[in-house]
Amino acid sequence: MDEFSQRTISLIGEENYHKLKKSVILIVGVGGVGGFVAEFLTRAGIGSLVIIDGDKIEPSNINRQIIATCNSVGIYKVDAFRKRLLSINPQLKLHTFAKRFNKETKDEIFSYNYDFVVDAIDSVKDKTELIIEAKNRNLQIISAMGAGNRYDLPSFEVKDVYKTENDGLAKIIRKNLRQAGVKDVPCVCAKSIANKSEGVIGSISYYPAACASVIAAFVVNKLI
């Protein structure tokens with residue numbers, strides 16, 4: 001047992017830790033929520049990660065994205081995460097795609113065998129496409145719903161997307177998935193009602209991290 005894993009192993013045991021170490025996780029979107037998920041899963045001992053994001057870091061990301069600093073602006077998010085995640089666990093098997101997930105790129109991205117898919121995409125079209133693709137391949141998936149326009153004490157829950165309330169994103173995704181004949185998609189959604197905003201969606205530092213912690217916990221517990 002090395003120092004990196006000893007406290008995790010003391011909590012979940014050698015056998016369960018080995019399950020995490022041999023797992024391959026796909027994270028699509030490593031912005032506010034997805035970035036924290038990548039961090040949490042790496043620190044938990046996941047052995048292999050594939051992360052997808054076509055965006056570069058912008059100044060507007062700094063208030064809530066773990067990889068965003070004044071020094072990292074202009075760098076592809078996946079490139080910045082490669083350096084960070086491997087500095088946390090040099091043994092991590094990490095594959096990165098600096099591109100957007102969509103119909104044109106999905107076959108390349110799904111050329112790996114995944115134990116779990118994490119959907120942290122903002123685009124409704126791409127989010128729907130990812131969920132459908134994962135379900136068609138009989139892969140476990142957890143999807144992040146809306147975490148913006150809230151600053152209260154965060155409280156998130158995991159529930160079927162068809163049973164969500166007070167979530168505008170989930171409502172649209174629900175409609176798209178129903179038309180595609182997709183059922184039973186677990187998602188993480190906030191219990192509180194979003195505040196109204198004009199124009200840009202508001203955000204604050206702790207909300208994406210709180211959402212990500214529930215997603216990471218769900219993935220870990222499902223794997224073990």
# chains A, B, ... in the order shown; residues from 1 in each chain; ligands from 1
>>> select_by_dssp(residues="stretch 29-169 of chain A", states="helix (DSSP H, G or I)", output="PyMOL selection string")
chain A and resi 32-44+59-61+77-88+106-109+124-136+161-163+168-169
>>> residues_around(residues="stretch 188-196 of chain A", least_positions_apart="6", cutoff="12 Å", atoms="only C-alpha atoms", output="PyMOL selection string")
chain A and resi 33+118-120+141-171+202-203+207-208+210-219
>>> select_by_dssp(residues="stretch 4-218 of chain A", states="strand (DSSP E or B)", output="compact mmCIF listing (two decimals) with all heavy atoms, in the first residue's frame")
# COMPACT_ATOMS: atom_id res chain seq x y z
N VAL A 24 -12.35 1.88 -16.17
CA VAL A 24 -12.11 2.89 -17.21
C VAL A 24 -13.35 3.79 -17.28
O VAL A 24 -14.46 3.31 -17.54
CB VAL A 24 -11.87 2.24 -18.58
CG1 VAL A 24 -11.55 3.31 -19.62
CG2 VAL A 24 -10.75 1.21 -18.51
N ILE A 25 -13.15 5.08 -17.05
CA ILE A 25 -14.27 6.02 -16.99
C ILE A 25 -14.14 7.06 -18.09
O ILE A 25 -13.06 7.63 -18.30
CB ILE A 25 -14.31 6.76 -15.62
CG1 ILE A 25 -14.19 5.77 -14.46
CG2 ILE A 25 -15.60 7.58 -15.51
CD1 ILE A 25 -15.28 4.74 -14.39
N LEU A 26 -15.24 7.31 -18.79
CA LEU A 26 -15.31 8.39 -19.77
C LEU A 26 -16.00 9.60 -19.15
O LEU A 26 -17.09 9.47 -18.60
CB LEU A 26 -16.11 7.92 -21.00
CG LEU A 26 -16.48 9.00 -22.02
CD1 LEU A 26 -15.24 9.61 -22.67
CD2 LEU A 26 -17.43 8.43 -23.08
N ILE A 27 -15.34 10.75 -19.21
CA ILE A 27 -15.94 12.01 -18.76
C ILE A 27 -16.02 12.94 -19.96
O ILE A 27 -15.00 13.31 -20.53
CB ILE A 27 -15.13 12.67 -17.64
CG1 ILE A 27 -14.94 11.72 -16.46
CG2 ILE A 27 -15.83 13.96 -17.18
CD1 ILE A 27 -14.05 12.27 -15.36
N VAL A 28 -17.23 13.31 -20.34
CA VAL A 28 -17.42 14.19 -21.48
C VAL A 28 -17.80 15.58 -20.96
O VAL A 28 -18.87 15.76 -20.38
CB VAL A 28 -18.49 13.66 -22.44
CG1 VAL A 28 -18.56 14.54 -23.68
CG2 VAL A 28 -18.18 12.22 -22.84
N SER A 48 -8.12 4.41 -14.95
CA SER A 48 -8.07 4.91 -16.33
C SER A 48 -9.18 5.93 -16.56
O SER A 48 -10.35 5.66 -16.26
CB SER A 48 -8.21 3.77 -17.33
OG SER A 48 -7.17 2.83 -17.19
N LEU A 49 -8.82 7.07 -17.11
CA LEU A 49 -9.78 8.10 -17.45
C LEU A 49 -9.62 8.49 -18.92
O LEU A 49 -8.50 8.58 -19.43
CB LEU A 49 -9.57 9.36 -16.61
CG LEU A 49 -10.07 9.41 -15.17
CD1 LEU A 49 -9.74 10.78 -14.58
CD2 LEU A 49 -11.56 9.14 -15.09
N VAL A 50 -10.75 8.71 -19.58
CA VAL A 50 -10.76 9.32 -20.91
C VAL A 50 -11.58 10.60 -20.77
O VAL A 50 -12.74 10.56 -20.36
CB VAL A 50 -11.39 8.39 -21.96
CG1 VAL A 50 -11.42 9.08 -23.32
CG2 VAL A 50 -10.62 7.08 -22.05
N ILE A 51 -10.96 11.74 -21.05
CA ILE A 51 -11.67 13.02 -20.88
C ILE A 51 -11.78 13.73 -22.23
O ILE A 51 -10.84 13.75 -23.02
CB ILE A 51 -11.00 13.92 -19.83
CG1 ILE A 51 -9.55 14.25 -20.20
CG2 ILE A 51 -11.06 13.26 -18.46
CD1 ILE A 51 -8.90 15.25 -19.24
N ILE A 52 -12.95 14.32 -22.45
CA ILE A 52 -13.28 14.95 -23.73
C ILE A 52 -13.72 16.39 -23.50
O ILE A 52 -14.60 16.65 -22.68
CB ILE A 52 -14.45 14.22 -24.43
CG1 ILE A 52 -14.30 12.71 -24.36
CG2 ILE A 52 -14.61 14.72 -25.85
CD1 ILE A 52 -13.12 12.15 -25.05
N LYS A 56 -11.01 25.79 -24.83
CA LYS A 56 -9.84 26.32 -24.12
C LYS A 56 -10.32 27.08 -22.87
O LYS A 56 -11.47 27.50 -22.80
CB LYS A 56 -9.04 27.26 -25.04
CG LYS A 56 -8.41 26.56 -26.22
CD LYS A 56 -7.62 27.54 -27.08
CE LYS A 56 -6.96 26.82 -28.26
NZ LYS A 56 -6.18 27.77 -29.12
N TYR A 76 -5.95 24.47 -23.83
CA TYR A 76 -7.04 23.51 -23.90
C TYR A 76 -7.26 22.88 -22.51
O TYR A 76 -6.29 22.52 -21.83
CB TYR A 76 -6.74 22.40 -24.91
CG TYR A 76 -7.05 22.78 -26.34
CD1 TYR A 76 -6.02 23.06 -27.24
CD2 TYR A 76 -8.37 22.85 -26.79
CE1 TYR A 76 -6.31 23.41 -28.56
CE2 TYR A 76 -8.66 23.20 -28.10
CZ TYR A 76 -7.62 23.49 -28.98
OH TYR A 76 -7.92 23.83 -30.27
N LYS A 93 -3.83 6.07 -16.08
CA LYS A 93 -3.86 5.92 -17.53
C LYS A 93 -4.87 6.93 -18.06
O LYS A 93 -6.07 6.80 -17.85
CB LYS A 93 -4.26 4.50 -17.90
CG LYS A 93 -3.26 3.45 -17.45
CD LYS A 93 -3.76 2.04 -17.77
CE LYS A 93 -2.78 0.99 -17.26
NZ LYS A 93 -3.27 -0.39 -17.50
N LEU A 94 -4.36 7.95 -18.73
CA LEU A 94 -5.18 9.09 -19.13
C LEU A 94 -5.13 9.30 -20.63
O LEU A 94 -4.05 9.42 -21.22
CB LEU A 94 -4.70 10.36 -18.41
CG LEU A 94 -5.43 11.66 -18.74
CD1 LEU A 94 -6.90 11.58 -18.33
CD2 LEU A 94 -4.74 12.83 -18.04
N HIS A 95 -6.32 9.34 -21.24
CA HIS A 95 -6.43 9.65 -22.67
C HIS A 95 -7.29 10.91 -22.81
O HIS A 95 -8.31 11.04 -22.14
CB HIS A 95 -7.08 8.49 -23.43
CG HIS A 95 -6.30 7.21 -23.35
ND1 HIS A 95 -5.23 6.94 -24.16
CD2 HIS A 95 -6.45 6.13 -22.53
CE1 HIS A 95 -4.74 5.75 -23.87
NE2 HIS A 95 -5.46 5.24 -22.88
N THR A 96 -6.86 11.83 -23.64
CA THR A 96 -7.57 13.09 -23.80
C THR A 96 -7.94 13.34 -25.25
O THR A 96 -7.22 12.97 -26.17
CB THR A 96 -6.72 14.27 -23.29
OG1 THR A 96 -5.53 14.37 -24.08
CG2 THR A 96 -6.34 14.07 -21.83
N PHE A 97 -9.10 13.98 -25.43
CA PHE A 97 -9.55 14.39 -26.76
C PHE A 97 -9.90 15.88 -26.69
O PHE A 97 -10.84 16.26 -25.98
CB PHE A 97 -10.81 13.62 -27.19
CG PHE A 97 -10.58 12.17 -27.50
CD1 PHE A 97 -10.61 11.22 -26.49
CD2 PHE A 97 -10.35 11.75 -28.80
CE1 PHE A 97 -10.42 9.88 -26.77
CE2 PHE A 97 -10.16 10.41 -29.10
CZ PHE A 97 -10.19 9.48 -28.08
N PHE A 116 -17.94 3.11 -17.11
CA PHE A 116 -18.92 4.12 -16.72
C PHE A 116 -18.73 5.35 -17.60
O PHE A 116 -17.61 5.69 -17.99
CB PHE A 116 -18.75 4.53 -15.25
CG PHE A 116 -20.04 4.64 -14.50
CD1 PHE A 116 -20.40 3.68 -13.58
CD2 PHE A 116 -20.90 5.71 -14.71
CE1 PHE A 116 -21.60 3.78 -12.88
CE2 PHE A 116 -22.09 5.82 -14.03
CZ PHE A 116 -22.45 4.84 -13.11
N VAL A 117 -19.84 6.03 -17.89
CA VAL A 117 -19.81 7.27 -18.66
C VAL A 117 -20.37 8.39 -17.79
O VAL A 117 -21.43 8.24 -17.18
CB VAL A 117 -20.65 7.15 -19.95
CG1 VAL A 117 -20.68 8.49 -20.70
CG2 VAL A 117 -20.09 6.05 -20.84
N VAL A 118 -19.65 9.50 -17.73
CA VAL A 118 -20.11 10.69 -17.02
C VAL A 118 -20.42 11.78 -18.05
O VAL A 118 -19.54 12.20 -18.81
CB VAL A 118 -19.05 11.21 -16.02
CG1 VAL A 118 -19.51 12.52 -15.39
CG2 VAL A 118 -18.76 10.16 -14.96
N ASP A 119 -21.66 12.20 -18.07
CA ASP A 119 -22.11 13.25 -18.99
C ASP A 119 -22.12 14.58 -18.26
O ASP A 119 -22.94 14.80 -17.37
CB ASP A 119 -23.52 12.92 -19.50
CG ASP A 119 -24.23 14.15 -20.03
OD1 ASP A 119 -23.56 15.02 -20.62
OD2 ASP A 119 -25.46 14.24 -19.85
N ILE A 141 -24.31 5.07 -17.13
CA ILE A 141 -24.10 6.50 -17.35
C ILE A 141 -24.76 7.28 -16.23
O ILE A 141 -25.80 6.87 -15.69
CB ILE A 141 -24.64 6.95 -18.73
CG1 ILE A 141 -24.33 8.44 -18.97
CG2 ILE A 141 -26.13 6.67 -18.87
CD1 ILE A 141 -24.62 8.92 -20.38
N ILE A 142 -24.15 8.41 -15.87
CA ILE A 142 -24.76 9.37 -14.96
C ILE A 142 -24.66 10.73 -15.63
O ILE A 142 -23.62 11.09 -16.18
CB ILE A 142 -24.06 9.37 -13.58
CG1 ILE A 142 -24.73 10.36 -12.62
CG2 ILE A 142 -22.57 9.65 -13.69
CD1 ILE A 142 -26.07 9.91 -12.12
N SER A 143 -25.76 11.47 -15.64
CA SER A 143 -25.83 12.73 -16.38
C SER A 143 -26.04 13.90 -15.43
O SER A 143 -26.89 13.85 -14.54
CB SER A 143 -26.99 12.65 -17.38
OG SER A 143 -27.08 13.83 -18.14
N ALA A 144 -25.27 14.95 -15.63
CA ALA A 144 -25.40 16.16 -14.81
C ALA A 144 -26.47 17.07 -15.41
O ALA A 144 -26.42 17.40 -16.59
CB ALA A 144 -24.07 16.90 -14.73
N PHE A 156 -27.98 18.15 -3.74
CA PHE A 156 -28.22 17.43 -4.99
C PHE A 156 -28.69 16.01 -4.70
O PHE A 156 -28.40 15.45 -3.63
CB PHE A 156 -26.93 17.37 -5.82
CG PHE A 156 -26.55 18.68 -6.45
CD1 PHE A 156 -25.76 19.59 -5.76
CD2 PHE A 156 -26.97 19.01 -7.72
CE1 PHE A 156 -25.40 20.79 -6.33
CE2 PHE A 156 -26.62 20.21 -8.31
CZ PHE A 156 -25.83 21.11 -7.61
N GLU A 157 -29.40 15.45 -5.65
CA GLU A 157 -29.86 14.07 -5.52
C GLU A 157 -29.76 13.36 -6.86
O GLU A 157 -29.73 13.99 -7.92
CB GLU A 157 -31.30 14.03 -5.01
CG GLU A 157 -32.30 14.73 -5.91
CD GLU A 157 -33.71 14.74 -5.31
OE1 GLU A 157 -33.97 13.93 -4.41
OE2 GLU A 157 -34.53 15.58 -5.75
N VAL A 158 -29.70 12.03 -6.78
CA VAL A 158 -29.68 11.21 -7.98
C VAL A 158 -31.08 10.66 -8.20
O VAL A 158 -31.66 10.06 -7.30
CB VAL A 158 -28.68 10.04 -7.86
CG1 VAL A 158 -28.70 9.19 -9.13
CG2 VAL A 158 -27.28 10.57 -7.60
N LYS A 159 -31.62 10.89 -9.38
CA LYS A 159 -32.94 10.35 -9.70
C LYS A 159 -33.07 10.16 -11.20
O LYS A 159 -32.26 10.69 -11.98
CB LYS A 159 -34.05 11.27 -9.16
CG LYS A 159 -34.03 12.66 -9.72
CD LYS A 159 -35.10 13.60 -9.17
CE LYS A 159 -36.08 13.14 -8.20
NZ LYS A 159 -37.07 14.13 -7.79
N ASP A 160 -34.07 9.41 -11.59
CA ASP A 160 -34.34 9.19 -13.01
C ASP A 160 -34.69 10.54 -13.65
O ASP A 160 -35.45 11.33 -13.08
CB ASP A 160 -35.52 8.22 -13.14
CG ASP A 160 -35.74 7.75 -14.58
OD1 ASP A 160 -35.37 8.47 -15.51
OD2 ASP A 160 -36.29 6.65 -14.75
N PRO A 186 -30.24 7.76 -15.01
CA PRO A 186 -29.96 8.44 -13.75
C PRO A 186 -29.27 9.77 -13.99
O PRO A 186 -28.40 9.90 -14.86
CB PRO A 186 -29.03 7.47 -13.02
CG PRO A 186 -28.40 6.66 -14.08
CD PRO A 186 -29.40 6.56 -15.18
N CYS A 187 -29.69 10.77 -13.25
CA CYS A 187 -29.07 12.08 -13.37
C CYS A 187 -28.91 12.70 -11.99
O CYS A 187 -29.55 12.28 -11.03
CB CYS A 187 -29.89 13.00 -14.28
SG CYS A 187 -31.48 13.52 -13.58
N VAL A 188 -28.04 13.68 -11.91
CA VAL A 188 -27.84 14.42 -10.66
C VAL A 188 -28.45 15.80 -10.86
O VAL A 188 -28.10 16.52 -11.80
CB VAL A 188 -26.35 14.53 -10.31
CG1 VAL A 188 -26.15 15.45 -9.12
CG2 VAL A 188 -25.78 13.15 -9.99
N CYS A 189 -29.38 16.14 -9.99
CA CYS A 189 -30.08 17.42 -10.13
C CYS A 189 -30.18 18.11 -8.77
O CYS A 189 -30.17 17.47 -7.72
CB CYS A 189 -31.47 17.22 -10.72
SG CYS A 189 -32.48 16.02 -9.82
N ALA A 190 -30.27 19.43 -8.82
CA ALA A 190 -30.39 20.22 -7.60
C ALA A 190 -31.81 20.16 -7.06
O ALA A 190 -32.78 20.11 -7.83
CB ALA A 190 -30.00 21.67 -7.88
>>> closest_residue(among="A:Glu39, A:Asp126, A:Ser23, A:Tyr206", to="A:Lys83", atoms="only C-alpha atoms")
A:Glu39
>>> atom_distance(atom1="atom CA of A:Ile57", atom2="atom CA of A:Ser72")
6.6 Å
>>> atom_distance(atom1="atom CA of A:Ile62", atom2="atom CA of A:Ala98")
19.4 Å
>>> closest_residue(among="A:Gly54, A:Val30, A:Leu86, A:Tyr17", to="A:Ile67", atoms="only C-alpha atoms")
A:Val30
>>> atom_distance(atom1="atom CA of A:Phe36", atom2="atom CA of A:Pro90")
18.1 Å
>>> residues_around(residues="stretch 2-6 of chain A", least_positions_apart="3", cutoff="10 Å", atoms="only C-alpha atoms", output="list of chain:residue names")
A:Ile9, A:Ser10, A:Leu11, A:Gly13, A:Glu14, A:Tyr17, A:Arg43, A:Ala44, A:Gly45, A:Ile88, A:Asn89
>>> write_last_selection(atoms="all heavy atoms", output="compact mmCIF listing (two decimals), in the first residue's frame")
# COMPACT_ATOMS: atom_id res chain seq x y z
N ILE A 9 -8.00 2.95 0.89
CA ILE A 9 -8.07 1.50 1.13
C ILE A 9 -8.54 1.21 2.55
O ILE A 9 -9.31 0.26 2.77
CB ILE A 9 -6.70 0.85 0.86
CG1 ILE A 9 -6.40 0.91 -0.64
CG2 ILE A 9 -6.68 -0.60 1.34
CD1 ILE A 9 -5.01 0.43 -1.02
N SER A 10 -8.12 2.03 3.50
CA SER A 10 -8.56 1.80 4.88
C SER A 10 -10.06 1.99 5.02
O SER A 10 -10.70 1.43 5.92
CB SER A 10 -7.82 2.74 5.84
OG SER A 10 -8.24 4.09 5.65
N LEU A 11 -10.65 2.75 4.11
CA LEU A 11 -12.10 3.00 4.13
C LEU A 11 -12.88 1.95 3.37
O LEU A 11 -13.87 1.41 3.88
CB LEU A 11 -12.39 4.39 3.54
CG LEU A 11 -13.85 4.81 3.44
CD1 LEU A 11 -14.46 4.95 4.84
CD2 LEU A 11 -13.98 6.11 2.66
N GLY A 13 -11.43 -0.86 1.56
CA GLY A 13 -10.82 -2.18 1.48
C GLY A 13 -10.03 -2.40 0.19
O GLY A 13 -10.27 -1.74 -0.82
N GLU A 14 -9.09 -3.34 0.24
CA GLU A 14 -8.22 -3.65 -0.90
C GLU A 14 -9.01 -4.10 -2.13
O GLU A 14 -8.75 -3.68 -3.25
CB GLU A 14 -7.22 -4.74 -0.51
CG GLU A 14 -6.15 -4.30 0.47
CD GLU A 14 -4.93 -3.74 -0.23
OE1 GLU A 14 -4.98 -3.60 -1.47
OE2 GLU A 14 -3.96 -3.42 0.47
N TYR A 17 -10.87 -1.21 -3.73
CA TYR A 17 -9.92 -0.29 -4.33
C TYR A 17 -9.40 -0.84 -5.65
O TYR A 17 -9.22 -0.10 -6.62
CB TYR A 17 -8.76 0.00 -3.37
CG TYR A 17 -7.83 1.08 -3.90
CD1 TYR A 17 -8.17 2.42 -3.79
CD2 TYR A 17 -6.63 0.75 -4.52
CE1 TYR A 17 -7.34 3.42 -4.28
CE2 TYR A 17 -5.79 1.73 -5.01
CZ TYR A 17 -6.15 3.06 -4.89
OH TYR A 17 -5.33 4.04 -5.39
N ARG A 43 -8.38 11.20 -7.55
CA ARG A 43 -7.95 11.10 -6.16
C ARG A 43 -8.55 9.88 -5.47
O ARG A 43 -7.97 9.35 -4.52
CB ARG A 43 -8.32 12.38 -5.39
CG ARG A 43 -7.53 13.60 -5.84
CD ARG A 43 -7.82 14.81 -4.97
NE ARG A 43 -7.15 16.00 -5.46
CZ ARG A 43 -5.90 16.35 -5.17
NH1 ARG A 43 -5.18 15.59 -4.36
NH2 ARG A 43 -5.36 17.46 -5.66
N ALA A 44 -9.69 9.40 -5.97
CA ALA A 44 -10.31 8.20 -5.40
C ALA A 44 -9.59 6.92 -5.83
O ALA A 44 -9.80 5.87 -5.23
CB ALA A 44 -11.78 8.12 -5.80
N GLY A 45 -8.77 7.01 -6.89
CA GLY A 45 -8.00 5.85 -7.30
C GLY A 45 -8.45 5.19 -8.59
O GLY A 45 -7.99 4.09 -8.92
N ILE A 88 -1.19 14.34 -9.74
CA ILE A 88 -1.87 13.74 -8.58
C ILE A 88 -1.57 12.26 -8.51
O ILE A 88 -1.19 11.72 -7.46
CB ILE A 88 -3.40 13.97 -8.68
CG1 ILE A 88 -3.72 15.46 -8.57
CG2 ILE A 88 -4.14 13.18 -7.58
CD1 ILE A 88 -5.16 15.80 -8.90
N ASN A 89 -1.72 11.57 -9.63
CA ASN A 89 -1.45 10.14 -9.70
C ASN A 89 -0.69 9.83 -11.01
O ASN A 89 -1.31 9.67 -12.06
CB ASN A 89 -2.74 9.33 -9.65
CG ASN A 89 -2.49 7.83 -9.72
OD1 ASN A 89 -1.35 7.37 -9.60
ND2 ASN A 89 -3.55 7.05 -9.90
>>> decode(residues="stretch 137-160 of chain A", atoms="N, CA, C and O atoms", output="short mmCIF file (atom, residue, chain, number, x, y, z; two decimals), in the first residue's frame")
data_model
loop_
_atom_site.label_atom_id
_atom_site.label_comp_id
_atom_site.auth_asym_id
_atom_site.auth_seq_id
_atom_site.Cartn_x
_atom_site.Cartn_y
_atom_site.Cartn_z
N ARG A 137 -25.23 1.21 -26.14
CA ARG A 137 -24.10 0.32 -25.92
C ARG A 137 -24.19 -0.39 -24.57
O ARG A 137 -23.23 -1.06 -24.15
N ASN A 138 -25.32 -0.21 -23.86
CA ASN A 138 -25.55 -0.84 -22.56
C ASN A 138 -24.48 -0.46 -21.53
O ASN A 138 -24.04 -1.29 -20.72
N LEU A 139 -24.06 0.80 -21.57
CA LEU A 139 -23.07 1.30 -20.62
C LEU A 139 -23.76 2.05 -19.49
O LEU A 139 -24.77 2.73 -19.70
N GLN A 140 -23.19 1.94 -18.30
CA GLN A 140 -23.68 2.72 -17.18
C GLN A 140 -23.36 4.19 -17.42
O GLN A 140 -22.25 4.53 -17.84
N ILE A 141 -24.31 5.07 -17.13
CA ILE A 141 -24.10 6.50 -17.35
C ILE A 141 -24.76 7.28 -16.23
O ILE A 141 -25.80 6.87 -15.69
N ILE A 142 -24.15 8.41 -15.87
CA ILE A 142 -24.76 9.37 -14.96
C ILE A 142 -24.66 10.73 -15.63
O ILE A 142 -23.62 11.09 -16.18
N SER A 143 -25.76 11.47 -15.64
CA SER A 143 -25.83 12.73 -16.38
C SER A 143 -26.04 13.90 -15.43
O SER A 143 -26.89 13.85 -14.54
N ALA A 144 -25.27 14.95 -15.63
CA ALA A 144 -25.40 16.16 -14.81
C ALA A 144 -26.47 17.07 -15.41
O ALA A 144 -26.42 17.40 -16.59
N MET A 145 -27.40 17.48 -14.58
CA MET A 145 -28.40 18.44 -15.01
C MET A 145 -27.98 19.85 -14.57
O MET A 145 -26.82 20.10 -14.31
N GLY A 146 -28.91 20.77 -14.47
CA GLY A 146 -28.57 22.17 -14.23
C GLY A 146 -28.00 22.44 -12.85
O GLY A 146 -28.55 22.00 -11.84
N ALA A 147 -26.86 23.18 -12.82
CA ALA A 147 -26.26 23.60 -11.56
C ALA A 147 -26.06 25.11 -11.52
O ALA A 147 -25.49 25.63 -10.57
N GLY A 148 -26.54 25.79 -12.53
CA GLY A 148 -26.37 27.23 -12.61
C GLY A 148 -27.51 28.00 -11.97
O GLY A 148 -28.54 27.44 -11.58
N ASN A 149 -27.29 29.31 -11.82
CA ASN A 149 -28.30 30.24 -11.28
C ASN A 149 -28.74 29.87 -9.87
O ASN A 149 -29.90 30.09 -9.49
N ARG A 150 -27.82 29.31 -9.09
CA ARG A 150 -28.11 28.96 -7.68
C ARG A 150 -26.92 29.35 -6.82
O ARG A 150 -25.77 29.19 -7.24
N TYR A 151 -27.20 29.83 -5.60
CA TYR A 151 -26.11 30.14 -4.67
C TYR A 151 -26.47 29.77 -3.23
O TYR A 151 -25.76 30.11 -2.28
N ASP A 152 -27.58 29.03 -3.06
CA ASP A 152 -28.01 28.59 -1.74
C ASP A 152 -27.11 27.45 -1.25
O ASP A 152 -26.11 27.12 -1.87
N LEU A 153 -27.44 26.87 -0.11
CA LEU A 153 -26.71 25.71 0.40
C LEU A 153 -26.97 24.56 -0.56
O LEU A 153 -28.10 24.11 -0.69
N PRO A 154 -25.95 24.05 -1.26
CA PRO A 154 -26.19 23.04 -2.31
C PRO A 154 -26.76 21.74 -1.76
O PRO A 154 -26.31 21.23 -0.73
N SER A 155 -27.73 21.22 -2.47
CA SER A 155 -28.31 19.91 -2.14
C SER A 155 -28.70 19.24 -3.45
O SER A 155 -29.59 19.70 -4.15
N PHE A 156 -27.98 18.15 -3.74
CA PHE A 156 -28.22 17.43 -4.99
C PHE A 156 -28.69 16.01 -4.70
O PHE A 156 -28.40 15.45 -3.63
N GLU A 157 -29.40 15.45 -5.65
CA GLU A 157 -29.86 14.07 -5.52
C GLU A 157 -29.76 13.36 -6.86
O GLU A 157 -29.73 13.99 -7.92
N VAL A 158 -29.70 12.03 -6.78
CA VAL A 158 -29.68 11.21 -7.98
C VAL A 158 -31.08 10.66 -8.20
O VAL A 158 -31.66 10.06 -7.30
N LYS A 159 -31.62 10.89 -9.38
CA LYS A 159 -32.94 10.35 -9.70
C LYS A 159 -33.07 10.16 -11.20
O LYS A 159 -32.26 10.69 -11.98
N ASP A 160 -34.07 9.41 -11.59
CA ASP A 160 -34.34 9.19 -13.01
C ASP A 160 -34.69 10.54 -13.65
O ASP A 160 -35.45 11.33 -13.08
#
